[in-house]
Amino acid sequence: MLRIGIDVGSTTLKCVALDAEGELVFSSYERHFSKIKSTAVSMLDCLMKQVGDCDVSIGISGSAGMGMAQELGISFSQEVYATRKAVLEKYPETSVVIELGGEDAKILFLSGQLEVRMNGSCAGGTGAFIDQMASLLNVETSQFEELAAKSTAIYTIASRCGVFAKTDVQALVSQGASKEDIACSVLQSVVNQTISGLAQGRRIDGNVVYLGGPLTFLPTLRRCFDMTLGIDGICPKNSLFYVAIGTALLSDGCCHLGELKKLISDYEPQRNFSSLQPLFASKKDLEEFKERHDCDVIPQIDPSGYSGNAYVGIDVGSTTVKVCIVSEDRHLLYHSYEKNNGTPVLAVKKSLQEFMEKYPQIKLVRGCSTGYGENLAKTAFCLSDSIVETVAHLYGARFFYPEVDFIIDIGGQDIKCFKVTDGIIDDIFLNEACSSGCGSFLQTFFASLGYTASQAAQLAITSKNPVNLGSRCTVFMNSSVKQAQKDGAQIGDIFAGLAISVVKNALYKVIRCLDPRQLGHHIVVQGGTFLNDAVLRSFEQELGLDVVRADKAELMGAFGCALYSISKGAGDGMISLEELRDFEYDAKNVTCNGCTNHCHLMISTFRNGRKFVSGNKCERMVNPSAFIENPEELDIYAFKQKYMENLDLCSGQGRERIGIPMVLNMWELLPFWTAFFTALGFEVVVSGSSSRQTYLDGQMTVVSDTICYPAKLAHGHMQKLADLGLKKIFYPCSSYNVDEKMGDNHFNCPIVAYYPEVLKHNIPFLEDGSISFINPYVSLASRGKFISRMHECLGSSKSRVAKAADCAFKAYDDYMNAVRTQAEVIIENARKKALPIFVLAGRPYHADQEVNHGLDRLILQCNAAVISEDCVAWNEKKQKRDVLNQWTYHARMYDSARFVLEQKDMNLIQLVSFGCGLDAVTGDEVRRIIRSGNKIYTQLKIDEIANLGAVRIRLRSLIATLDERSKADRSGNGR
Amino acid sequence: MKKDAEKMTFLIPNMAPIHFGLIRQVFVNFGYGAVLLENTSSKVLEAGLKYVHNDICYPAQLVIGQFIDALNSGKYDRKHTALFITQTGGGCRASNYYYLLKKALKRSGFEDVEVISLNLKGMNRSKTFHLNPIMMIQAFVALIYGDLIMMLANQTRPYEKHQGDADAMIQRCLAILGEKFSTNRGYLNQSMRANFRRITEDFAGIPICRIPKVKVGIVGEIYMKYSELGNNHLQSYLESQGCEVVLPGMSGFIFYGFDNVPTDRHYYGGKFWSSIGSGLMVRIMTRMERNMLSIVRKQGRFEVPSSYHQMKKNASGLLDYGVKMGEGWLLPAEMLDLAKSGTMNIVCTQPFGCLANHIVAKGMIRSVSAMTGANIVAIDYDASATEVNQENRIKLMLSIARERLGE
């Protein structure tokens, strides 16, 4: 009797047959493009041709096969369990199995205490992720290995989930990094993701076995694992089929192969997915809809009949480049829309050259660029201007619909929405990295199921039962789609559901509107994603309002740029045809050694010596005239960092050493604790500011992949202290923070309060006591209690502790006062220079450069000054809030927001750590306070992603808006 | 009772039908016309997503969604309806539910509907409702009864010869207790013991057939742990997979709440009077619990769960008793207790992104399983977490559990 195992993965189907001795007699591996049943039947057909209609037992595995197994009464094996079964059968000596599949990542610890880890709901897939990255780079997945093997440099790519990594890859692509290096960096990020997400404190060593598609097809990926883990893993024969083999081993029942085939081919999945209203109730609706939107067209003229001046707009987006050439009277002469294929400059060059050669009678007098690669394009083609994307889109939309009051643009990777009041951008919403992946997400999804975008849209608008996929981040949608497939949804239903969920995501997650009807009355939608009629329709349905979409929705950024150029009048022209003809450029990677950041710089050099540098965090080497030598005069964050570095730790006096990790609340309490311990006669060793490496050093022991980045960094800090040879580490717990008497209570957030416990129970050298970890529960809120508690915990005499406490409380007060005093200096400096002042409101630990990713410096570069919430909050009197105001740090944010309302030249930017649950409460409240005073509320969500592209757009839009507002104010006053 | 209250309907979100059904009886007994919400359609979550910040925890979305959906249904006269919501007053975001509910009511146009905060700290006092000490103690009695019934039913249902016996018995017990409560009986020692005995005997009378089954414990964030709406009917699912489910009682959470006050006083000072009051409550509840457990033990058929104090003591050295946000130290203590008393398979439930559970659940699972060899799976619940992924993880845990059962 043969034993058959079928493994239904998210993208592929695997089938094996084992004979009585357990030898593999048949195996087949295919992408199923969601057609699970027919793929399975054809595989069984092949098998039957080979072995005839013999007796078989059968088992099914894989989450997409769960429904089928259940309904057909076939035995189902959980896939990890099946893997374990197969591995133990073939390689009983195995200690760890690492298996990557289409969308799953798993680690099995087989030796010792059995543990199995699967990726959490917030970690994007791996195989599908690599596919997505390959399509971003415009290479076949099969070429990926070839590229990666040739890499010379590795860039940091966020490893938390696929969507984040994509942001980084797209930035690298736009900056012109080589495909080889990006490919290898992608693989390394998969390795980091697997380890940090799944190892959860357990060491991966011993005999490691690699399984699954990506690890089978990509030797470089295996090498990355080997190197990172310091192991020598093996990838056995038939590594693709282990789940299926295990399933076959676990199979039961007995029937003829022919019967089985019939059983499966007769199978009709039950339709019980949750479905929504169809997009179009009738054919008439559809026709009306098409007719209405066909009217909105950009006026075009044939360039061959035109001579004179023309203006160029270039939009270098994340995945595509768009070029528009517009006549003086605002008619579109030429447009192009191309995938940037990782080399945006060449794509633009091709378009421009084509136009210039064909229409020599037209003179291109001025050009303007926008998008991720705006500066690159500006330098490459000698353009006069570059503008931030939001402004470009506003110009485009206003042309179309002068009374426009709301614009939403869903592009390849970004969602940008903004309110427009009196022709000025009023309120901006950009997608956080978490909910990004809109257009390109849809496209990749369609492609993975074997459809083009227009085919998919066509299927979607005729769907009768669109699947309800929710409105969450797109990573979640993969599994929702899986579920719908399991429940028997048609492909058109899925596509319609995807379109609806993209819209809901934009409305409810990005804009966070409660009543879509209040967005505006004159709404313009832009961006390539809206070319999909299903998306457009569901947007209108959700709003209950007809909106305007230009026929070339995807070009609006570029078109807006061209219009902006026209408004500026003829300029100095741009690159000439001759130059374009022998246009060449060279991109080189260098590491900047100007400071300890060691930025990876990408230098693009063009023919006539023009150079463009990207990847730099500061201007020191790149543009020295713009570099600010003493940032602490305008930036409180720089001041805080310096203050912390210069504390007296009593080093080099031969005292007993005690380590303090520079994490979370230590960013405010370090002065307190160093003063306390030095007064007790210790030398204090501080782990210092974090870097990316800090995170990597500790990622093995991070237990929760959705916790905030500042907490994850703590693991690296402990490692650093251990590496410094410390025998004692101090890091106290406390439910309560200092009591500033400004709120209803003075709690810490649960993470700040108890994170030492997580460290203690998950880091081996703390667990086994080889380093003594002192984490008493003690609060600074009551001085008397503090002394008796520390006396109890440390055993020092009460009088010594009391003396040390005196020093400590004084040091804390000194620090808080120093920050306030310095803030006054900064405000004065800024006002002297008439610079806008931003209150970058977060928590004390946002002063860590690795946490804020140099945001404060970015604001400085935008010619503004930076202070923080604790500088100004104390100016306010206690006031009742609409929420329970029970956390000390958060109370400061509310109060600083109130302070900002009273200051004409100040604006507030709220910093929010990804995964910080409290900010769901505080974000709404701070927004309410800020909006009550007619100021603009800006929230920046930060995580481990180091790419500041989206943040920069936001800041620049904000500054452009503030400029326009003050201009409008001035002209208003003049009247 | 305060004036006007007799005309009012008080809505209670349904977290655990047995316990909350009994507590409802207590409220009714005091003249507050309380209604346990039974609406669980997809509209509940839709309302939650619409009116609550989407990054806030899942229980808030469900509880608030349930209220708004109920108000939308038109069944309740908004002028005479009030909503009950609990407020722990701890450092996690759950203490903010009261305010989130108020915001949501404002946004959905029910601003005039009164919200009553159920808490022990005197926050947000209500004009129409007053929680007096007698009522509070009676509510705790109801919880103990609830724990007993739940525990007996859970130990009976998987083995019952006649399907449906255990559930029918639950209904019978609820009816009998409801009747006793309505005549103000069943709260004091003597009658309480008699009731405990009767309930235990009744369940012991159900014919069963013992076959070895996989025992699975459920722990986690309190709403996710008990609410079927929240955890996608986790208990029924596990039972359909042939498991016996062990659910630690709800009184543990109340114990823990009171018992934390003296710890807090020790660590941070102050709180003299509330510390005394809490100590008293712990003593009262300890006696009730002791009575209940000894009756179950004497009866002999059922496995007797650990008492609160036993469980706490066993967990010493695991997570410090100072961790008091969310389920705090109690959660790993429950896991440890389950494993040590033979329930080696545990599902740990939490809302996606739950702050406290980063520490007390995910942060401690490794330690607990290293100490006991327990087979623990953590499941996140969320508006868009799909059942198929949750089921798949649970299936993995079950595969290992079955393998061990076979050994």
# chains A, B, ... in the order shown; residues from 1 in each chain; ligands from 1
>>> residues_around(residues="Lys225 of chain B", least_positions_apart="2", cutoff="9 Å", atoms="only C-alpha atoms", output="PyMOL selection string")
chain B and resi 218-223+227-228+230-231+234+247+348-350
>>> select_by_dssp(residues="segment 80-187 of chain A", states="strand (DSSP E)", output="list in words")
Val96, Val97, Ile98, Glu99, Leu100, Ala105, Lys106, Ile107, Leu108, Phe109, Glu115, Val116, Arg117 and Met118 of chain A
>>> atom_distance(atom1="atom CA of Leu955 of chain A", atom2="atom CA of Glu403 of chain A")
25.4 Å
>>> interface_residues(of="chain A", to="chain B", cutoff="7 Å", atoms="only C-alpha atoms", output="VMD selection string")
chain A and resid 63 78 80 to 81 113 470 472 476 479 to 480 483 514 703 to 704 706 to 707 747 to 751 754 to 755 758 761 777 to 779 785 789 882 to 884 915 917 to 918 920
>>> select_by_dssp(residues="segment 201-348 of chain B", states="alpha helix (DSSP H)", output="CSV table (one decimal) with N, CA, C and O atoms, in the first residue's frame")
chain,number,residue,atom,x,y,z
B,201,GLU,N,-23.1,17.8,44.3
B,201,GLU,CA,-23.8,16.5,44.2
B,201,GLU,C,-24.6,16.4,42.9
B,201,GLU,O,-24.5,15.3,42.3
B,202,ASP,N,-25.2,17.4,42.5
B,202,ASP,CA,-26.0,17.4,41.3
B,202,ASP,C,-25.1,17.0,40.1
B,202,ASP,O,-25.4,16.2,39.3
B,203,PHE,N,-23.9,17.7,40.0
B,203,PHE,CA,-23.1,17.4,38.9
B,203,PHE,C,-22.5,16.0,39.0
B,203,PHE,O,-22.3,15.3,38.0
B,204,ALA,N,-22.2,15.6,40.3
B,204,ALA,CA,-21.7,14.3,40.5
B,204,ALA,C,-22.7,13.2,40.1
B,204,ALA,O,-22.3,12.0,39.8
B,222,ILE,N,-8.1,38.6,30.7
B,222,ILE,CA,-9.4,38.1,31.3
B,222,ILE,C,-10.5,38.0,30.3
B,222,ILE,O,-11.3,37.1,30.3
B,223,TYR,N,-10.7,39.0,29.5
B,223,TYR,CA,-11.8,39.0,28.5
B,223,TYR,C,-11.6,37.9,27.5
B,223,TYR,O,-12.5,37.2,27.2
B,224,MET,N,-10.4,37.9,27.0
B,224,MET,CA,-10.1,36.9,25.9
B,224,MET,C,-10.2,35.5,26.4
B,224,MET,O,-10.6,34.6,25.7
B,225,LYS,N,-9.9,35.3,27.7
B,225,LYS,CA,-9.9,34.0,28.3
B,225,LYS,C,-11.3,33.5,28.4
B,225,LYS,O,-11.6,32.3,28.1
B,226,TYR,N,-12.3,34.3,28.8
B,226,TYR,CA,-13.6,33.8,29.1
B,226,TYR,C,-14.6,34.1,27.9
B,226,TYR,O,-15.6,33.3,27.7
B,234,LEU,N,-13.3,29.4,21.8
B,234,LEU,CA,-12.1,28.5,22.0
B,234,LEU,C,-12.5,27.3,22.8
B,234,LEU,O,-12.1,26.2,22.4
B,235,GLN,N,-13.3,27.4,23.8
B,235,GLN,CA,-13.6,26.3,24.7
B,235,GLN,C,-14.4,25.2,23.9
B,235,GLN,O,-14.0,24.0,23.9
B,236,SER,N,-15.4,25.6,23.2
B,236,SER,CA,-16.2,24.7,22.4
B,236,SER,C,-15.3,24.0,21.3
B,236,SER,O,-15.4,22.8,21.1
B,237,TYR,N,-14.4,24.8,20.7
B,237,TYR,CA,-13.6,24.3,19.7
B,237,TYR,C,-12.7,23.1,20.3
B,237,TYR,O,-12.6,22.1,19.8
B,238,LEU,N,-12.1,23.4,21.4
B,238,LEU,CA,-11.2,22.5,22.1
B,238,LEU,C,-12.0,21.2,22.5
B,238,LEU,O,-11.5,20.1,22.3
B,239,GLU,N,-13.2,21.4,23.0
B,239,GLU,CA,-14.0,20.3,23.4
B,239,GLU,C,-14.4,19.4,22.1
B,239,GLU,O,-14.4,18.2,22.2
B,240,SER,N,-14.6,20.1,21.0
B,240,SER,CA,-15.0,19.4,19.8
B,240,SER,C,-13.8,18.6,19.3
B,240,SER,O,-13.9,17.7,18.5
B,251,SER,N,-12.6,34.1,40.4
B,251,SER,CA,-12.3,34.7,41.7
B,251,SER,C,-10.8,35.0,41.9
B,251,SER,O,-10.5,35.9,42.7
B,252,GLY,N,-10.0,34.2,41.2
B,252,GLY,CA,-8.5,34.4,41.3
B,252,GLY,C,-8.2,35.9,41.0
B,252,GLY,O,-7.3,36.5,41.7
B,253,PHE,N,-8.8,36.4,40.0
B,253,PHE,CA,-8.5,37.8,39.6
B,253,PHE,C,-8.9,38.8,40.6
B,253,PHE,O,-8.2,39.8,40.9
B,254,ILE,N,-10.0,38.5,41.3
B,254,ILE,CA,-10.5,39.4,42.4
B,254,ILE,C,-9.5,39.3,43.6
B,254,ILE,O,-9.1,40.3,44.1
B,255,PHE,N,-9.2,38.1,43.9
B,255,PHE,CA,-8.2,37.9,45.0
B,255,PHE,C,-7.0,38.7,44.7
B,255,PHE,O,-6.5,39.4,45.5
B,256,TYR,N,-6.5,38.5,43.5
B,256,TYR,CA,-5.2,39.1,43.0
B,256,TYR,C,-5.4,40.7,43.2
B,256,TYR,O,-4.4,41.3,43.7
B,257,GLY,N,-6.5,41.2,42.8
B,257,GLY,CA,-6.7,42.6,42.8
B,257,GLY,C,-6.6,43.1,44.3
B,257,GLY,O,-5.9,44.1,44.5
B,258,PHE,N,-7.2,42.5,45.2
B,258,PHE,CA,-7.2,42.9,46.6
B,258,PHE,C,-5.8,42.6,47.2
B,258,PHE,O,-5.2,43.5,47.9
B,259,ASP,N,-5.2,41.5,46.8
B,259,ASP,CA,-4.0,41.1,47.4
B,259,ASP,C,-2.8,41.9,47.0
B,259,ASP,O,-1.8,42.0,47.7
B,260,ASN,N,-3.0,42.6,45.9
B,260,ASN,CA,-1.9,43.5,45.4
B,260,ASN,C,-1.7,44.7,46.2
B,260,ASN,O,-0.6,45.4,46.2
B,261,VAL,N,-2.7,45.1,46.9
B,261,VAL,CA,-2.7,46.4,47.7
B,261,VAL,C,-1.6,46.4,48.8
B,261,VAL,O,-0.8,47.3,48.8
B,262,PRO,N,-1.6,45.3,49.6
B,262,PRO,CA,-0.5,45.3,50.6
B,262,PRO,C,0.9,45.2,50.0
B,262,PRO,O,1.8,45.8,50.5
B,263,THR,N,1.0,44.5,48.9
B,263,THR,CA,2.3,44.4,48.2
B,263,THR,C,2.7,45.8,47.7
B,263,THR,O,3.9,46.3,47.9
B,264,ASP,N,1.7,46.5,47.2
B,264,ASP,CA,2.0,47.9,46.7
B,264,ASP,C,2.5,48.8,47.9
B,264,ASP,O,3.4,49.6,47.8
B,265,ARG,N,1.8,48.6,49.0
B,265,ARG,CA,2.2,49.4,50.2
B,265,ARG,C,3.6,49.0,50.6
B,265,ARG,O,4.4,49.9,51.0
B,266,HIS,N,3.9,47.8,50.6
B,266,HIS,CA,5.3,47.4,50.9
B,266,HIS,C,6.3,48.0,50.0
B,266,HIS,O,7.4,48.5,50.5
B,267,TYR,N,6.0,48.0,48.7
B,267,TYR,CA,7.0,48.5,47.8
B,267,TYR,C,7.1,50.0,47.7
B,267,TYR,O,8.1,50.6,47.5
B,268,TYR,N,5.9,50.6,47.7
B,268,TYR,CA,5.9,52.1,47.4
B,268,TYR,C,5.3,52.9,48.5
B,268,TYR,O,5.2,54.2,48.4
B,272,PHE,N,-2.5,53.0,53.6
B,272,PHE,CA,-2.7,52.2,54.9
B,272,PHE,C,-4.1,51.6,55.0
B,272,PHE,O,-4.3,50.4,55.2
B,273,TRP,N,-5.1,52.5,54.8
B,273,TRP,CA,-6.5,52.0,55.0
B,273,TRP,C,-7.0,51.0,53.9
B,273,TRP,O,-7.6,50.0,54.2
B,274,SER,N,-6.6,51.3,52.7
B,274,SER,CA,-7.1,50.4,51.6
B,274,SER,C,-6.4,49.1,51.8
B,274,SER,O,-6.9,48.0,51.4
B,275,SER,N,-5.2,49.1,52.3
B,275,SER,CA,-4.5,47.9,52.6
B,275,SER,C,-5.2,47.0,53.6
B,275,SER,O,-5.3,45.8,53.5
B,276,ILE,N,-5.7,47.7,54.7
B,276,ILE,CA,-6.4,47.0,55.7
B,276,ILE,C,-7.7,46.4,55.1
B,276,ILE,O,-8.1,45.2,55.3
B,277,GLY,N,-8.4,47.3,54.4
B,277,GLY,CA,-9.7,46.8,53.8
B,277,GLY,C,-9.5,45.6,52.8
B,277,GLY,O,-10.2,44.7,52.9
B,278,SER,N,-8.4,45.7,52.0
B,278,SER,CA,-8.1,44.6,51.1
B,278,SER,C,-7.8,43.4,51.8
B,278,SER,O,-8.3,42.3,51.4
B,279,GLY,N,-7.1,43.5,52.9
B,279,GLY,CA,-6.7,42.3,53.7
B,279,GLY,C,-8.0,41.6,54.2
B,279,GLY,O,-8.1,40.4,54.1
B,280,LEU,N,-8.9,42.4,54.6
B,280,LEU,CA,-10.2,41.9,55.1
B,280,LEU,C,-11.0,41.2,54.0
B,280,LEU,O,-11.4,40.1,54.2
B,281,MET,N,-11.0,41.8,52.8
B,281,MET,CA,-11.7,41.1,51.7
B,281,MET,C,-11.0,39.8,51.3
B,281,MET,O,-11.7,38.8,51.1
B,282,VAL,N,-9.7,39.8,51.4
B,282,VAL,CA,-9.0,38.6,51.0
B,282,VAL,C,-9.4,37.5,52.0
B,282,VAL,O,-9.6,36.3,51.7
B,283,ARG,N,-9.5,37.9,53.3
B,283,ARG,CA,-9.9,36.9,54.3
B,283,ARG,C,-11.3,36.3,54.1
B,283,ARG,O,-11.5,35.1,54.2
B,284,ILE,N,-12.2,37.3,53.8
B,284,ILE,CA,-13.6,36.8,53.6
B,284,ILE,C,-13.6,35.8,52.4
B,284,ILE,O,-14.2,34.8,52.5
B,285,MET,N,-12.9,36.2,51.3
B,285,MET,CA,-13.0,35.4,50.1
B,285,MET,C,-12.3,34.1,50.4
B,285,MET,O,-12.7,33.0,49.8
B,286,THR,N,-11.2,34.1,51.1
B,286,THR,CA,-10.5,32.9,51.4
B,286,THR,C,-11.4,31.9,52.1
B,286,THR,O,-11.4,30.7,51.8
B,287,ARG,N,-12.2,32.4,53.0
B,287,ARG,CA,-13.1,31.5,53.7
B,287,ARG,C,-14.1,30.9,52.8
B,287,ARG,O,-14.4,29.7,52.8
B,288,MET,N,-14.7,31.7,51.9
B,288,MET,CA,-15.6,31.2,51.0
B,288,MET,C,-15.0,30.1,50.1
B,288,MET,O,-15.6,29.1,49.8
B,289,GLU,N,-13.8,30.4,49.6
B,289,GLU,CA,-13.1,29.5,48.7
B,289,GLU,C,-12.8,28.2,49.4
B,289,GLU,O,-13.0,27.1,48.8
B,290,ARG,N,-12.4,28.3,50.6
B,290,ARG,CA,-12.0,27.1,51.4
B,290,ARG,C,-13.2,26.2,51.5
B,290,ARG,O,-13.1,25.0,51.3
B,291,ASN,N,-14.4,26.8,51.9
B,291,ASN,CA,-15.6,26.0,52.0
B,291,ASN,C,-15.9,25.3,50.7
B,291,ASN,O,-16.2,24.1,50.7
B,292,MET,N,-15.8,26.0,49.6
B,292,MET,CA,-16.2,25.4,48.3
B,292,MET,C,-15.2,24.3,48.0
B,292,MET,O,-15.7,23.2,47.7
B,293,LEU,N,-13.9,24.5,48.2
B,293,LEU,CA,-13.0,23.5,47.8
B,293,LEU,C,-13.1,22.2,48.7
B,293,LEU,O,-13.0,21.1,48.2
B,294,SER,N,-13.4,22.4,50.0
B,294,SER,CA,-13.4,21.3,50.8
B,294,SER,C,-14.7,20.4,50.5
B,294,SER,O,-14.6,19.2,50.6
B,295,ILE,N,-15.7,21.1,50.1
B,295,ILE,CA,-16.9,20.3,49.7
B,295,ILE,C,-16.7,19.5,48.5
B,295,ILE,O,-17.0,18.3,48.4
B,296,VAL,N,-16.0,20.1,47.5
B,296,VAL,CA,-15.7,19.4,46.3
B,296,VAL,C,-14.8,18.2,46.6
B,296,VAL,O,-14.9,17.1,46.1
B,297,ARG,N,-13.8,18.5,47.5
B,297,ARG,CA,-12.8,17.4,47.8
B,297,ARG,C,-13.5,16.2,48.5
B,297,ARG,O,-13.3,15.1,48.1
B,298,LYS,N,-14.4,16.6,49.4
B,298,LYS,CA,-15.1,15.5,50.1
B,298,LYS,C,-16.0,14.7,49.2
B,298,LYS,O,-16.1,13.5,49.4
B,299,GLN,N,-16.6,15.3,48.2
B,299,GLN,CA,-17.5,14.6,47.3
B,299,GLN,C,-16.7,13.5,46.6
B,299,GLN,O,-17.2,12.4,46.4
B,308,TYR,N,-6.3,29.8,46.0
B,308,TYR,CA,-5.6,31.0,45.5
B,308,TYR,C,-4.2,31.1,46.2
B,308,TYR,O,-3.2,31.3,45.6
B,309,HIS,N,-4.2,30.9,47.5
B,309,HIS,CA,-3.0,31.0,48.3
B,309,HIS,C,-2.0,30.0,47.9
B,309,HIS,O,-0.8,30.3,47.9
B,310,GLN,N,-2.5,28.8,47.7
B,310,GLN,CA,-1.6,27.7,47.3
B,310,GLN,C,-0.9,28.1,46.0
B,310,GLN,O,0.3,27.9,45.8
B,311,MET,N,-1.7,28.5,45.0
B,311,MET,CA,-1.2,28.9,43.7
B,311,MET,C,-0.2,30.0,43.8
B,311,MET,O,0.9,29.9,43.2
B,312,LYS,N,-0.5,31.0,44.7
B,312,LYS,CA,0.4,32.1,44.8
B,312,LYS,C,1.8,31.6,45.4
B,312,LYS,O,2.8,32.0,44.9
B,313,LYS,N,1.7,30.8,46.4
B,313,LYS,CA,2.9,30.3,47.0
B,313,LYS,C,3.7,29.5,46.1
B,313,LYS,O,5.0,29.7,46.0
B,314,ASN,N,3.1,28.7,45.3
B,314,ASN,CA,3.8,27.8,44.3
B,314,ASN,C,4.6,28.7,43.3
B,314,ASN,O,5.6,28.3,42.7
B,330,LEU,N,-0.3,36.9,38.3
B,330,LEU,CA,-1.3,35.8,38.4
B,330,LEU,C,-1.3,34.9,37.1
B,330,LEU,O,-1.5,33.7,37.3
B,331,LEU,N,-1.0,35.6,36.0
B,331,LEU,CA,-1.1,34.8,34.8
B,331,LEU,C,-0.1,33.7,34.7
B,331,LEU,O,-0.4,32.5,34.5
B,332,PRO,N,1.2,34.0,34.9
B,332,PRO,CA,2.2,32.9,34.9
B,332,PRO,C,1.9,31.9,36.1
B,332,PRO,O,2.2,30.7,36.0
B,333,ALA,N,1.4,32.5,37.2
B,333,ALA,CA,1.1,31.6,38.3
B,333,ALA,C,0.1,30.6,38.0
B,333,ALA,O,0.2,29.4,38.3
B,334,GLU,N,-0.9,31.0,37.2
B,334,GLU,CA,-1.9,30.1,36.8
B,334,GLU,C,-1.4,29.0,35.8
B,334,GLU,O,-1.7,27.8,35.9
B,335,MET,N,-0.5,29.5,34.9
B,335,MET,CA,0.1,28.5,34.0
B,335,MET,C,0.9,27.5,34.8
B,335,MET,O,0.8,26.3,34.5
B,336,LEU,N,1.7,27.9,35.7
B,336,LEU,CA,2.5,27.0,36.5
B,336,LEU,C,1.6,26.1,37.3
B,336,LEU,O,1.9,24.9,37.3
B,337,ASP,N,0.6,26.6,37.9
B,337,ASP,CA,-0.3,25.8,38.6
B,337,ASP,C,-1.0,24.7,37.8
B,337,ASP,O,-1.1,23.5,38.2
B,338,LEU,N,-1.4,25.1,36.6
B,338,LEU,CA,-2.0,24.1,35.7
B,338,LEU,C,-1.1,23.0,35.4
B,338,LEU,O,-1.4,21.8,35.5
B,339,ALA,N,0.2,23.4,35.0
B,339,ALA,CA,1.1,22.4,34.6
B,339,ALA,C,1.5,21.5,35.8
B,339,ALA,O,1.6,20.3,35.6
B,340,LYS,N,1.6,22.1,36.9
B,340,LYS,CA,2.0,21.2,38.1
B,340,LYS,C,0.9,20.3,38.5
B,340,LYS,O,1.1,19.3,39.1
>>> residues_around(residues="segment 14-20 of chain A", least_positions_apart="3", cutoff="7 Å", atoms="only C-alpha atoms", output="PyMOL selection string")
chain A and resi 1-8+23-30+241+244-245+248
>>> residues_around(residues="segment 180-196 of chain B", least_positions_apart="4", cutoff="9 Å", atoms="only C-alpha atoms", output="list in words")
Leu22, Gln25, Val26, Val28, Asn29, Phe30, Ile137, Gln138, Val141, Ala142, Tyr145, Leu148, Ala175, Ile176, Thr200, Glu201, Met288, Asn291, Met292, Ile295 and Val296 of chain B
>>> residues_around(residues="Tyr210 of chain A", least_positions_apart="3", cutoff="7 Å", atoms="only C-alpha atoms", output="JSON, numbers by chain")
{"A": [97, 98, 99, 215, 233, 234, 235]}
>>> residues_around(residues="Thr228 of chain A", least_positions_apart="6", cutoff="9 Å", atoms="only C-alpha atoms", output="PyMOL selection string")
chain A and resi 188+191-192
>>> residues_around(residues="Thr922 of chain A", least_positions_apart="3", cutoff="8 Å", atoms="only C-alpha atoms", output="PyMOL selection string")
chain A and resi 890+894+918-919+925-926
>>> decode(residues="segment 298-317 of chain B", atoms="C-alpha atoms", output="PDB file, in the first residue's frame")
ATOM      1  CA  LYS B 298     -15.135  15.534  50.134  1.00  0.00           C
ATOM      2  CA  GLN B 299     -17.474  14.614  47.320  1.00  0.00           C
ATOM      3  CA  GLY B 300     -14.613  12.831  45.632  1.00  0.00           C
ATOM      4  CA  ARG B 301     -15.448  12.646  41.952  1.00  0.00           C
ATOM      5  CA  PHE B 302     -13.845  15.873  40.840  1.00  0.00           C
ATOM      6  CA  GLU B 303     -10.315  17.100  40.720  1.00  0.00           C
ATOM      7  CA  VAL B 304      -9.927  19.903  43.188  1.00  0.00           C
ATOM      8  CA  PRO B 305      -8.216  23.042  41.890  1.00  0.00           C
ATOM      9  CA  SER B 306      -5.545  24.748  43.968  1.00  0.00           C
ATOM     10  CA  SER B 307      -6.656  27.472  46.287  1.00  0.00           C
ATOM     11  CA  TYR B 308      -5.578  31.004  45.533  1.00  0.00           C
ATOM     12  CA  HIS B 309      -2.991  31.037  48.304  1.00  0.00           C
ATOM     13  CA  GLN B 310      -1.561  27.689  47.285  1.00  0.00           C
ATOM     14  CA  MET B 311      -1.200  28.877  43.721  1.00  0.00           C
ATOM     15  CA  LYS B 312       0.427  32.102  44.816  1.00  0.00           C
ATOM     16  CA  LYS B 313       2.874  30.308  47.040  1.00  0.00           C
ATOM     17  CA  ASN B 314       3.839  27.843  44.330  1.00  0.00           C
ATOM     18  CA  ALA B 315       4.650  30.694  41.997  1.00  0.00           C
ATOM     19  CA  SER B 316       7.126  32.329  44.322  1.00  0.00           C
ATOM     20  CA  GLY B 317      10.331  33.103  42.493  1.00  0.00           C
TER      21      GLY B 317
END
